[in-house]
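Engineer: Provided herewith: data-v1.tsv, TSV, N, CA and C atoms.
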```tsv
chain	number	residue	atom	x	y	z
Z	1	MET	N	-14.24	1.64	-13.07
Z	1	MET	CA	-14.58	1.90	-11.69
Z	1	MET	C	-15.25	0.70	-11.04
Z	2	ILE	N	-16.17	0.08	-11.76
Z	2	ILE	CA	-16.86	-1.09	-11.24
Z	2	ILE	C	-15.87	-2.25	-11.05
Z	3	SER	N	-14.98	-2.43	-12.00
Z	3	SER	CA	-14.01	-3.52	-11.88
Z	3	SER	C	-13.07	-3.29	-10.70
Z	4	THR	N	-12.75	-2.03	-10.43
Z	4	THR	CA	-11.90	-1.72	-9.27
Z	4	THR	C	-12.63	-2.06	-7.98
Z	5	LEU	N	-13.89	-1.71	-7.88
Z	5	LEU	CA	-14.66	-2.04	-6.67
Z	5	LEU	C	-14.80	-3.54	-6.48
Z	6	ILE	N	-15.02	-4.25	-7.57
Z	6	ILE	CA	-15.14	-5.71	-7.47
Z	6	ILE	C	-13.82	-6.32	-7.02
Z	7	SER	N	-12.71	-5.83	-7.56
Z	7	SER	CA	-11.40	-6.38	-7.16
Z	7	SER	C	-11.09	-6.04	-5.71
Z	8	VAL	N	-11.47	-4.86	-5.24
Z	8	VAL	CA	-11.24	-4.49	-3.84
Z	8	VAL	C	-12.10	-5.36	-2.92
Z	9	ILE	N	-13.34	-5.60	-3.30
Z	9	ILE	CA	-14.21	-6.45	-2.49
Z	9	ILE	C	-13.65	-7.87	-2.42
Z	10	LEU	N	-13.19	-8.39	-3.55
Z	10	LEU	CA	-12.59	-9.72	-3.54
Z	10	LEU	C	-11.32	-9.76	-2.69
Z	11	LEU	N	-10.51	-8.72	-2.76
Z	11	LEU	CA	-9.31	-8.65	-1.95
Z	11	LEU	C	-9.65	-8.63	-0.47
Z	12	LEU	N	-10.67	-7.87	-0.09
Z	12	LEU	CA	-11.07	-7.81	1.32
Z	12	LEU	C	-11.65	-9.14	1.79
Z	13	ILE	N	-12.35	-9.84	0.91
Z	13	ILE	CA	-12.86	-11.17	1.26
Z	13	ILE	C	-11.71	-12.14	1.49
Z	14	VAL	N	-10.72	-12.10	0.62
Z	14	VAL	CA	-9.55	-12.97	0.77
Z	14	VAL	C	-8.80	-12.63	2.07
Z	15	LEU	N	-8.62	-11.35	2.35
Z	15	LEU	CA	-7.96	-10.96	3.60
Z	15	LEU	C	-8.76	-11.43	4.81
Z	16	GLY	N	-10.07	-11.35	4.74
Z	16	GLY	CA	-10.91	-11.81	5.84
Z	16	GLY	C	-10.79	-13.30	6.07
Z	17	VAL	N	-10.75	-14.07	4.98
Z	17	VAL	CA	-10.60	-15.52	5.11
Z	17	VAL	C	-9.23	-15.87	5.68
Z	18	ILE	N	-8.20	-15.17	5.23
Z	18	ILE	CA	-6.85	-15.42	5.76
Z	18	ILE	C	-6.80	-15.07	7.24
Z	19	LEU	N	-7.40	-13.95	7.63
Z	19	LEU	CA	-7.43	-13.56	9.04
Z	19	LEU	C	-8.18	-14.60	9.86
Z	20	TRP	N	-9.31	-15.06	9.36
Z	20	TRP	CA	-10.09	-16.08	10.07
Z	20	TRP	C	-9.28	-17.37	10.23
Z	21	ALA	N	-8.59	-17.80	9.16
Z	21	ALA	CA	-7.80	-19.03	9.21
Z	21	ALA	C	-6.66	-18.92	10.21
Z	22	VAL	N	-5.99	-17.78	10.22
Z	22	VAL	CA	-4.88	-17.60	11.16
Z	22	VAL	C	-5.41	-17.59	12.60
Z	23	GLN	N	-6.55	-16.96	12.83
Z	23	GLN	CA	-7.12	-16.94	14.17
Z	23	GLN	C	-7.57	-18.33	14.61
Z	24	GLN	N	-7.99	-19.18	13.68
Z	24	GLN	CA	-8.38	-20.54	14.03
Z	24	GLN	C	-7.17	-21.42	14.30
Z	25	LEU	N	-6.07	-21.17	13.58
Z	25	LEU	CA	-4.87	-22.00	13.73
Z	25	LEU	C	-3.94	-21.54	14.84
Z	26	LEU	N	-4.06	-20.29	15.25
Z	26	LEU	CA	-3.16	-19.74	16.26
Z	26	LEU	C	-3.23	-20.48	17.60
Z	27	PRO	N	-4.41	-20.88	18.09
Z	27	PRO	CA	-4.43	-21.62	19.37
Z	27	PRO	C	-3.77	-22.99	19.30
Z	28	LEU	N	-3.54	-23.53	18.13
Z	28	LEU	CA	-2.88	-24.83	18.00
Z	28	LEU	C	-1.38	-24.76	18.24
Z	29	ILE	N	-0.83	-23.55	18.18
Z	29	ILE	CA	0.62	-23.37	18.41
Z	29	ILE	C	0.84	-23.19	19.91
Z	30	PRO	N	1.67	-24.04	20.50
Z	30	PRO	CA	1.89	-23.93	21.95
Z	30	PRO	C	2.80	-22.74	22.29
Z	31	LEU	N	2.19	-21.64	22.70
Z	31	LEU	CA	2.93	-20.45	23.10
Z	31	LEU	C	2.45	-20.00	24.47
Z	32	PRO	N	3.32	-19.36	25.23
Z	32	PRO	CA	2.85	-18.78	26.49
Z	32	PRO	C	1.81	-17.68	26.21
Z	33	PRO	N	0.93	-17.42	27.16
Z	33	PRO	CA	-0.15	-16.43	26.93
Z	33	PRO	C	0.30	-15.05	26.47
Z	34	PRO	N	1.40	-14.48	27.00
Z	34	PRO	CA	1.74	-13.13	26.49
Z	34	PRO	C	2.09	-13.14	25.00
Z	35	PHE	N	2.80	-14.16	24.54
Z	35	PHE	CA	3.20	-14.20	23.14
Z	35	PHE	C	1.99	-14.45	22.24
Z	36	HIS	N	1.07	-15.26	22.72
Z	36	HIS	CA	-0.16	-15.51	21.96
Z	36	HIS	C	-0.93	-14.20	21.76
Z	37	THR	N	-1.04	-13.41	22.82
Z	37	THR	CA	-1.75	-12.14	22.73
Z	37	THR	C	-1.01	-11.16	21.83
Z	38	ILE	N	0.29	-11.10	21.93
Z	38	ILE	CA	1.09	-10.19	21.11
Z	38	ILE	C	0.94	-10.54	19.63
Z	39	ILE	N	1.00	-11.82	19.30
Z	39	ILE	CA	0.87	-12.24	17.90
Z	39	ILE	C	-0.52	-11.92	17.38
Z	40	HIS	N	-1.54	-12.15	18.20
Z	40	HIS	CA	-2.91	-11.84	17.79
Z	40	HIS	C	-3.08	-10.34	17.51
Z	41	VAL	N	-2.56	-9.51	18.38
Z	41	VAL	CA	-2.65	-8.06	18.20
Z	41	VAL	C	-1.89	-7.61	16.96
Z	42	LEU	N	-0.71	-8.17	16.72
Z	42	LEU	CA	0.07	-7.80	15.53
Z	42	LEU	C	-0.66	-8.18	14.24
Z	43	ILE	N	-1.29	-9.34	14.22
Z	43	ILE	CA	-2.04	-9.76	13.04
Z	43	ILE	C	-3.19	-8.80	12.77
Z	44	VAL	N	-3.93	-8.43	13.81
Z	44	VAL	CA	-5.06	-7.52	13.63
Z	44	VAL	C	-4.58	-6.15	13.18
Z	45	VAL	N	-3.47	-5.66	13.74
Z	45	VAL	CA	-2.94	-4.35	13.35
Z	45	VAL	C	-2.51	-4.36	11.88
Z	46	ILE	N	-1.87	-5.43	11.44
Z	46	ILE	CA	-1.43	-5.52	10.05
Z	46	ILE	C	-2.63	-5.52	9.11
Z	47	VAL	N	-3.67	-6.28	9.45
Z	47	VAL	CA	-4.87	-6.32	8.61
Z	47	VAL	C	-5.54	-4.96	8.57
Z	48	VAL	N	-5.61	-4.27	9.69
Z	48	VAL	CA	-6.23	-2.93	9.73
Z	48	VAL	C	-5.43	-1.95	8.88
Z	49	ILE	N	-4.12	-2.01	8.93
Z	49	ILE	CA	-3.29	-1.12	8.12
Z	49	ILE	C	-3.53	-1.38	6.63
Z	50	VAL	N	-3.63	-2.64	6.24
Z	50	VAL	CA	-3.88	-2.97	4.83
Z	50	VAL	C	-5.25	-2.46	4.40
Z	51	VAL	N	-6.27	-2.65	5.23
Z	51	VAL	CA	-7.62	-2.20	4.88
Z	51	VAL	C	-7.67	-0.67	4.80
Z	52	VAL	N	-7.03	0.02	5.72
Z	52	VAL	CA	-7.01	1.48	5.68
Z	52	VAL	C	-6.27	1.97	4.43
Z	53	TYR	N	-5.20	1.30	4.06
Z	53	TYR	CA	-4.46	1.67	2.85
Z	53	TYR	C	-5.34	1.50	1.61
Z	54	ILE	N	-6.11	0.41	1.57
Z	54	ILE	CA	-7.00	0.18	0.43
Z	54	ILE	C	-8.08	1.25	0.36
Z	55	ILE	N	-8.68	1.55	1.50
Z	55	ILE	CA	-9.74	2.57	1.53
Z	55	ILE	C	-9.16	3.95	1.18
Z	56	ALA	N	-7.98	4.26	1.69
Z	56	ALA	CA	-7.36	5.54	1.36
Z	56	ALA	C	-7.02	5.62	-0.12
Z	57	GLY	N	-6.63	4.51	-0.72
Z	57	GLY	CA	-6.37	4.48	-2.16
Z	57	GLY	C	-7.63	4.73	-2.96
Z	58	LEU	N	-8.76	4.20	-2.49
Z	58	LEU	CA	-10.02	4.45	-3.18
Z	58	LEU	C	-10.44	5.91	-3.08
Z	59	LEU	N	-10.15	6.52	-1.95
Z	59	LEU	CA	-10.52	7.92	-1.76
Z	59	LEU	C	-9.53	8.88	-2.42
Z	60	GLY	N	-8.41	8.37	-2.89
Z	60	GLY	CA	-7.43	9.21	-3.56
Z	60	GLY	C	-6.46	9.89	-2.62
Z	61	VAL	N	-6.40	9.45	-1.38
Z	61	VAL	CA	-5.50	10.05	-0.40
Z	61	VAL	C	-4.08	9.55	-0.59
Z	62	VAL	N	-3.95	8.28	-0.92
Z	62	VAL	CA	-2.63	7.64	-1.05
Z	62	VAL	C	-2.44	7.23	-2.50
Z	63	GLU	N	-1.27	7.50	-3.04
Z	63	GLU	CA	-0.94	7.06	-4.39
Z	63	GLU	C	-0.62	5.57	-4.35
Z	64	PRO	N	-1.11	4.81	-5.31
Z	64	PRO	CA	-0.75	3.39	-5.37
Z	64	PRO	C	0.76	3.23	-5.56
Z	65	MET	N	1.29	2.12	-5.05
Z	65	MET	CA	2.73	1.88	-5.12
Z	65	MET	C	3.20	1.77	-6.56
Z	66	SER	N	2.38	1.32	-7.48
Z	66	SER	CA	2.80	1.17	-8.86
Z	66	SER	C	3.04	2.52	-9.53
Z	67	ARG	N	2.38	3.58	-9.08
Z	67	ARG	CA	2.57	4.90	-9.67
Z	67	ARG	C	3.81	5.60	-9.14
Z	68	LEU	N	4.35	5.12	-8.03
Z	68	LEU	CA	5.51	5.78	-7.45
Z	68	LEU	C	6.80	5.38	-8.16
Z	69	ARG	N	6.78	4.34	-8.93
Z	69	ARG	CA	8.01	3.89	-9.59
Z	69	ARG	C	8.26	4.65	-10.85
```
Any chance you could give the structure as structure tokens?
Structural biologist:
Amino acid sequence: MISTLISVILLLIVLGVILWAVQQLLPLIPLPPPFHTIIHVLIVVIVVIVVVYIIAGLLGVVEPMSRLR
């Protein structure tokens, strides 16, 4: 149980660093404002879905993908 919590915390830290890096690099790409906003929203939505899936897996609501095979 402790190792699972540590691995989840490390995974969330890695996701946070990746999200931060993408948000820092996104303004360097020359895009019109609507596309910039759309890409930013999509990135945040994807990260939120991953975090909710991880939390739901910890609570036992969602079966891990490895058990479905």
Engineer: DSSP says alpha helix (DSSP H) for which residues of chain Z? Put them as a VMD selection string?
Structural biologist: chain Z and resid 2 to 25 33 to 59 65 to 68
Engineer: Expressed in Å to a single decimal, how great is the separation between CA of Ile46 (chain Z) and CA of Leu19 (chain Z)?
Structural biologist: 10.1 Å
Engineer: Using only C-alpha atoms, which protein or nucleic acid residues come within 9 Å of Leu26 (chain Z)? Drop anything in the same chain fewer than 4 positions from it, and give the result as a ChimeraX atom specification.
Structural biologist: /Z:21-22,30,36,39-40
Engineer: Atom C of Ile54 (chain Z) and atom N of Ile9 (chain Z), how far apart in Å?
Structural biologist: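 Value for the atom N of Ile9 (chain Z)-atom C of Ile54 (chain Z) distance: 9.4 Å.
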Engineer: Some atoms are missing, so please complete region 41-52 of chain Z with all heavy atoms and return it as a tab-separated table (two decimals), in the coordinates of the input.
Structural biologist:
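Final output, saved to part.tsv:
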```
chain	number	residue	atom	x	y	z
Z	41	VAL	N	-2.56	-9.51	18.38
Z	41	VAL	CA	-2.65	-8.06	18.20
Z	41	VAL	C	-1.89	-7.61	16.96
Z	41	VAL	O	-2.38	-6.78	16.19
Z	41	VAL	CB	-2.15	-7.33	19.47
Z	41	VAL	CG1	-1.98	-5.85	19.21
Z	41	VAL	CG2	-3.11	-7.56	20.63
Z	42	LEU	N	-0.71	-8.17	16.72
Z	42	LEU	CA	0.07	-7.80	15.53
Z	42	LEU	C	-0.66	-8.18	14.24
Z	42	LEU	O	-0.66	-7.41	13.27
Z	42	LEU	CB	1.44	-8.47	15.57
Z	42	LEU	CG	2.45	-7.87	16.54
Z	42	LEU	CD1	3.73	-8.70	16.54
Z	42	LEU	CD2	2.75	-6.43	16.18
Z	43	ILE	N	-1.29	-9.34	14.22
Z	43	ILE	CA	-2.04	-9.76	13.04
Z	43	ILE	C	-3.19	-8.80	12.77
Z	43	ILE	O	-3.40	-8.36	11.63
Z	43	ILE	CB	-2.54	-11.20	13.21
Z	43	ILE	CG1	-1.36	-12.17	13.15
Z	43	ILE	CG2	-3.55	-11.55	12.13
Z	43	ILE	CD1	-1.71	-13.59	13.55
Z	44	VAL	N	-3.93	-8.43	13.81
Z	44	VAL	CA	-5.06	-7.52	13.63
Z	44	VAL	C	-4.58	-6.15	13.18
Z	44	VAL	O	-5.18	-5.53	12.29
Z	44	VAL	CB	-5.87	-7.43	14.94
Z	44	VAL	CG1	-6.90	-6.31	14.86
Z	44	VAL	CG2	-6.55	-8.75	15.24
Z	45	VAL	N	-3.47	-5.66	13.74
Z	45	VAL	CA	-2.94	-4.35	13.35
Z	45	VAL	C	-2.51	-4.36	11.88
Z	45	VAL	O	-2.78	-3.42	11.14
Z	45	VAL	CB	-1.78	-3.94	14.28
Z	45	VAL	CG1	-1.00	-2.77	13.71
Z	45	VAL	CG2	-2.31	-3.62	15.66
Z	46	ILE	N	-1.87	-5.43	11.44
Z	46	ILE	CA	-1.43	-5.52	10.05
Z	46	ILE	C	-2.63	-5.52	9.11
Z	46	ILE	O	-2.64	-4.82	8.08
Z	46	ILE	CB	-0.54	-6.76	9.83
Z	46	ILE	CG1	0.80	-6.55	10.53
Z	46	ILE	CG2	-0.35	-7.05	8.35
Z	46	ILE	CD1	1.66	-7.80	10.57
Z	47	VAL	N	-3.67	-6.28	9.45
Z	47	VAL	CA	-4.87	-6.32	8.61
Z	47	VAL	C	-5.54	-4.96	8.57
Z	47	VAL	O	-5.99	-4.50	7.51
Z	47	VAL	CB	-5.83	-7.42	9.09
Z	47	VAL	CG1	-7.18	-7.31	8.40
Z	47	VAL	CG2	-5.22	-8.79	8.85
Z	48	VAL	N	-5.61	-4.27	9.69
Z	48	VAL	CA	-6.23	-2.93	9.73
Z	48	VAL	C	-5.43	-1.95	8.88
Z	48	VAL	O	-6.01	-1.14	8.15
Z	48	VAL	CB	-6.37	-2.43	11.18
Z	48	VAL	CG1	-6.71	-0.96	11.23
Z	48	VAL	CG2	-7.41	-3.25	11.92
Z	49	ILE	N	-4.12	-2.01	8.93
Z	49	ILE	CA	-3.29	-1.12	8.12
Z	49	ILE	C	-3.53	-1.38	6.63
Z	49	ILE	O	-3.66	-0.44	5.84
Z	49	ILE	CB	-1.80	-1.28	8.48
Z	49	ILE	CG1	-1.54	-0.67	9.85
Z	49	ILE	CG2	-0.90	-0.64	7.43
Z	49	ILE	CD1	-0.15	-0.94	10.39
Z	50	VAL	N	-3.63	-2.64	6.24
Z	50	VAL	CA	-3.88	-2.97	4.83
Z	50	VAL	C	-5.25	-2.46	4.40
Z	50	VAL	O	-5.39	-1.86	3.32
Z	50	VAL	CB	-3.75	-4.50	4.60
Z	50	VAL	CG1	-4.27	-4.89	3.23
Z	50	VAL	CG2	-2.31	-4.94	4.77
Z	51	VAL	N	-6.27	-2.65	5.23
Z	51	VAL	CA	-7.62	-2.20	4.88
Z	51	VAL	C	-7.67	-0.67	4.80
Z	51	VAL	O	-8.28	-0.12	3.87
Z	51	VAL	CB	-8.65	-2.75	5.89
Z	51	VAL	CG1	-10.01	-2.08	5.71
Z	51	VAL	CG2	-8.77	-4.25	5.74
Z	52	VAL	N	-7.03	0.02	5.72
Z	52	VAL	CA	-7.01	1.48	5.68
Z	52	VAL	C	-6.27	1.97	4.43
Z	52	VAL	O	-6.69	2.94	3.79
Z	52	VAL	CB	-6.38	2.06	6.97
Z	52	VAL	CG1	-6.06	3.53	6.83
Z	52	VAL	CG2	-7.32	1.82	8.14
```
